[in-house]
Amino acid sequence: MLPPMTGQLDVSIVLCTRDRVHLLRDALESLLAIEHPPERFELVLVDNGSRDATAEVVRNFTRRAPFAVRYCYEATPGLSAARNRGIAEAHGEYLFFTDDDQLVDPRALAEHLRVARRYGSRVQQGGISLRFTEGRPDWLSPRLATVLGQTRDAPEGPEDIDLFGGNMFFLRSVFDGFEPFRVDLGKGTAGYSEDIEITRRLRTAGERIVYAPSAQVVHVIGPDRSSVGFFRKNSWEKGYSDAIMVASGRPLPLSLGVDGVLAIANAWLVILHALRRSPADRVVCETRVANRLGRMAGAVRARTARTRRS
């Protein structure tokens with residue numbers, strides 16, 4: 001159960017962080033420019049077991065912030081556990097999730113609230129654009145940009161889209177009697193898919209997803225996340241998480257066979273695109289190979305877990 005509402009806050013900003021104080025400082029600074037009455041929103045910052053100077057940075061920020069800031073230490077590892085702690089601690093009518101590597105546009109809260117009131121929406125996804133600190137790679141196609149969280153062009157209103165983790169906006173009462181994020185998914189555990197999984201459960205429960213493209217955040221991408229190696233690793237982890245999320249009843253040999261064939265087919269395409277000197281297409285196929293291999297590992301992991309439970 002959620003704690004009773006206190007005060008008349010429009011929004012609780014939930015920001016989860018772990019050992020990324022070099023990014024957190026800029027994320028916090030962006031919140032100071034938010035164009036919304038400071039007495040009408042709060043920041044709930046969830047520290048997911050940081051061992052760097054996160055607590056000190058938050059203390060210093062709290063002294064300067066014109067809005068309420070609450071620091072929560074969540075020892076259970078994983079982004080999902082941290083977000084769930086933020087949900088439990090929040091006092092606002094709405095919950096706005098952002099990340100420690102995102103810069104919030106000054107009008108983001110106002111635009112989320114405008115769209116929510118216009119459509120009577122309870123679950124929203126805002127727009128996410130990318131900013132590369134050392135230049136956008138030439139081989140990064142629009143298909144791969146979504147891996148970094150970039151949202152697609154779509155009109156405002158109800159859309160058949162999935163939640164993207166960062167820039168999610170919920171009516172707080174959505175979580176009354178509704179299980180929040182799965183703690184076996186997401187960063188710090190299986191790696192990814194906690195946002196996709198909750199999207200599916202929300203739709204099953206009759207919720208619709210409304211897109212608010214004017215409510216913007218900027219995802220800051222450093223050189224560590226703009227390399228081909230990162231995309232291969234990311235795709236493997238995404239496949240692994242997806243397999244655990246679905247935990248299909250399909251026979252394991254069939255699952256491994258299908259994913260294995262698709263991995264081999266895409267490996268041949270990698271060679272073909274390399275010969276054609278088409279780096280964008282080659283990297284896409286490399287990520288598909290990694291994703292299928294991750295799915296195979298995840299399927300084995302899910303089957304092993306089911307066997308232990310039975």
# chains A, B, ... in the order shown; residues from 1 in each chain; ligands from 1
>>> select_by_dssp(residues="stretch 26-142 of chain A", states="alpha helix (DSSP H)", output="count of residues only")
41
>>> closest_atom_pairs(of="stretch 189-262 of chain A", to="stretch 143-166 of chain A", cutoff="10 Å", atoms="only C-alpha atoms", output="Markdown table")
| residue | atom | partner | partner_atom | distance |
| --- | --- | --- | --- | --- |
| A:Tyr192 | CA | A:Gly165 | CA | 9.6 |
| A:Ser193 | CA | A:Gly165 | CA | 9.1 |
| A:Glu194 | CA | A:Gly165 | CA | 8.0 |
| A:Asp195 | CA | A:Gly165 | CA | 5.5 |
| A:Ile196 | CA | A:Asp162 | CA | 6.1 |
| A:Glu197 | CA | A:Asp162 | CA | 9.2 |
| A:Ile198 | CA | A:Leu163 | CA | 8.2 |
| A:Thr199 | CA | A:Asp162 | CA | 5.9 |
| A:Arg200 | CA | A:Asp162 | CA | 8.2 |
| A:Arg203 | CA | A:Asp162 | CA | 10.0 |
| A:Arg208 | CA | A:Pro158 | CA | 6.8 |
| A:Ile209 | CA | A:Pro158 | CA | 5.7 |
| A:Val210 | CA | A:Pro158 | CA | 4.1 |
| A:Tyr211 | CA | A:Gly157 | CA | 5.2 |
| A:Ala212 | CA | A:Glu156 | CA | 5.4 |
| A:Pro213 | CA | A:Glu156 | CA | 6.2 |
| A:Ser214 | CA | A:Glu156 | CA | 8.0 |
| A:Val217 | CA | A:Gly166 | CA | 8.3 |
| A:Val218 | CA | A:Gln150 | CA | 9.0 |
| A:His219 | CA | A:Gly149 | CA | 7.5 |
| A:Val220 | CA | A:Leu148 | CA | 9.5 |
| A:Ile221 | CA | A:Leu148 | CA | 8.1 |
| A:Arg225 | CA | A:Leu148 | CA | 8.3 |
| A:Ser226 | CA | A:Leu148 | CA | 9.1 |
| A:Phe231 | CA | A:Val147 | CA | 7.9 |
| A:Asn234 | CA | A:Val147 | CA | 8.0 |
| A:Ser235 | CA | A:Val147 | CA | 8.2 |
| A:Lys238 | CA | A:Val147 | CA | 9.4 |
>>> closest_atom_pairs(of="stretch 127-223 of chain A", to="stretch 266-286 of chain A", cutoff="7 Å", atoms="only C-alpha atoms", output="tab-separated table")
residue	atom	partner	partner_atom	distance
A:Trp139	CA	A:Ala280	CA	4.3
A:Leu140	CA	A:Ala280	CA	6.2
A:Ser141	CA	A:Ala280	CA	6.0
A:Leu144	CA	A:Val284	CA	7.0
>>> closest_residue(among="A:Ala243, A:Ala53, A:Ile13, A:Leu23", to="A:Arg292", atoms="only C-alpha atoms")
A:Ala243
>>> residues_around(residues="A:Asn48", least_positions_apart="3", cutoff="6 Å", atoms="only C-alpha atoms", output="JSON, numbers by chain")
{"A": [17, 18, 74, 75, 82]}
>>> closest_residue(among="A:Leu45, A:Val300, A:Leu202, A:Val261", to="A:Ile87", atoms="only C-alpha atoms")
A:Leu45
>>> residues_around(residues="A:Asp52", least_positions_apart="5", cutoff="9 Å", atoms="only C-alpha atoms", output="MDAnalysis selection string")
chainID A and resid 18:21
>>> write_last_selection(atoms="C-alpha atoms", output="short mmCIF file (atom, residue, chain, number, x, y, z; two decimals), in the first residue's frame")
data_model
loop_
_atom_site.label_atom_id
_atom_site.label_comp_id
_atom_site.auth_asym_id
_atom_site.auth_seq_id
_atom_site.Cartn_x
_atom_site.Cartn_y
_atom_site.Cartn_z
CA ARG A 18 24.11 4.70 -8.56
CA ASP A 19 27.80 5.68 -8.71
CA ARG A 20 27.37 8.19 -11.54
CA VAL A 21 27.94 11.46 -9.74
#
>>> select_by_dssp(residues="stretch 9-231 of chain A", states="strand (DSSP E)", output="ChimeraX atom specification")
/A:11-17,41-47,68-73,94-99,102-104,123-132,157-158,168-171,210-221
>>> decode(residues="stretch 243-274 of chain A", atoms="N, CA and C atoms", output="compact mmCIF listing (two decimals), in the first residue's frame")
# COMPACT_ATOMS: atom_id res chain seq x y z
N ALA A 243 14.03 -12.72 -22.89
CA ALA A 243 13.74 -14.14 -22.72
C ALA A 243 13.26 -14.43 -21.30
N ILE A 244 13.86 -13.79 -20.32
CA ILE A 244 13.43 -13.98 -18.93
C ILE A 244 12.04 -13.38 -18.72
N MET A 245 11.78 -12.23 -19.34
CA MET A 245 10.49 -11.57 -19.20
C MET A 245 9.37 -12.46 -19.74
N VAL A 246 9.59 -13.03 -20.91
CA VAL A 246 8.55 -13.84 -21.55
C VAL A 246 8.45 -15.21 -20.92
N ALA A 247 9.63 -15.83 -20.64
CA ALA A 247 9.68 -17.17 -20.04
C ALA A 247 8.65 -18.08 -20.71
N SER A 248 8.73 -18.16 -22.02
CA SER A 248 7.75 -18.88 -22.82
C SER A 248 7.71 -20.37 -22.47
N GLY A 249 6.53 -20.94 -22.64
CA GLY A 249 6.39 -22.38 -22.43
C GLY A 249 6.83 -23.19 -23.62
N ARG A 250 7.31 -22.51 -24.68
CA ARG A 250 7.79 -23.21 -25.86
C ARG A 250 8.95 -24.13 -25.49
N PRO A 251 9.01 -25.34 -26.01
CA PRO A 251 10.10 -26.25 -25.68
C PRO A 251 11.46 -25.59 -25.87
N LEU A 252 12.35 -25.80 -24.92
CA LEU A 252 13.66 -25.16 -24.97
C LEU A 252 14.43 -25.48 -26.25
N PRO A 253 14.47 -26.74 -26.71
CA PRO A 253 15.20 -27.01 -27.96
C PRO A 253 14.67 -26.20 -29.15
N LEU A 254 13.33 -26.00 -29.20
CA LEU A 254 12.75 -25.22 -30.29
C LEU A 254 13.18 -23.75 -30.18
N SER A 255 13.14 -23.19 -28.96
CA SER A 255 13.55 -21.80 -28.76
C SER A 255 15.01 -21.61 -29.16
N LEU A 256 15.85 -22.52 -28.70
CA LEU A 256 17.27 -22.41 -29.03
C LEU A 256 17.50 -22.58 -30.53
N GLY A 257 16.74 -23.47 -31.15
CA GLY A 257 16.89 -23.69 -32.58
C GLY A 257 16.51 -22.47 -33.40
N VAL A 258 15.37 -21.87 -33.08
CA VAL A 258 14.91 -20.68 -33.81
C VAL A 258 15.91 -19.54 -33.66
N ASP A 259 16.31 -19.26 -32.39
CA ASP A 259 17.24 -18.16 -32.17
C ASP A 259 18.60 -18.46 -32.78
N GLY A 260 19.02 -19.72 -32.74
CA GLY A 260 20.30 -20.08 -33.33
C GLY A 260 20.32 -19.87 -34.83
N VAL A 261 19.24 -20.28 -35.51
CA VAL A 261 19.15 -20.09 -36.96
C VAL A 261 19.18 -18.60 -37.32
N LEU A 262 18.44 -17.79 -36.56
CA LEU A 262 18.40 -16.35 -36.84
C LEU A 262 19.75 -15.70 -36.55
N ALA A 263 20.46 -16.19 -35.53
CA ALA A 263 21.79 -15.67 -35.24
C ALA A 263 22.74 -15.97 -36.40
N ILE A 264 22.68 -17.18 -36.92
CA ILE A 264 23.55 -17.56 -38.04
C ILE A 264 23.20 -16.75 -39.29
N ALA A 265 21.90 -16.59 -39.56
CA ALA A 265 21.48 -15.83 -40.74
C ALA A 265 21.99 -14.39 -40.68
N ASN A 266 21.89 -13.77 -39.50
CA ASN A 266 22.37 -12.40 -39.37
C ASN A 266 23.89 -12.32 -39.40
N ALA A 267 24.56 -13.38 -38.95
CA ALA A 267 26.02 -13.41 -39.05
C ALA A 267 26.46 -13.38 -40.51
N TRP A 268 25.74 -14.10 -41.37
CA TRP A 268 26.05 -14.05 -42.80
C TRP A 268 25.79 -12.65 -43.36
N LEU A 269 24.75 -11.99 -42.87
CA LEU A 269 24.47 -10.62 -43.33
C LEU A 269 25.55 -9.65 -42.88
N VAL A 270 26.13 -9.90 -41.70
CA VAL A 270 27.25 -9.07 -41.24
C VAL A 270 28.38 -9.12 -42.26
N ILE A 271 28.71 -10.33 -42.71
CA ILE A 271 29.77 -10.51 -43.69
C ILE A 271 29.42 -9.80 -45.01
N LEU A 272 28.15 -9.98 -45.43
CA LEU A 272 27.72 -9.37 -46.68
C LEU A 272 27.84 -7.85 -46.62
N HIS A 273 27.34 -7.24 -45.52
CA HIS A 273 27.39 -5.78 -45.42
C HIS A 273 28.82 -5.27 -45.26
N ALA A 274 29.68 -6.09 -44.64
CA ALA A 274 31.10 -5.71 -44.54
C ALA A 274 31.73 -5.66 -45.93
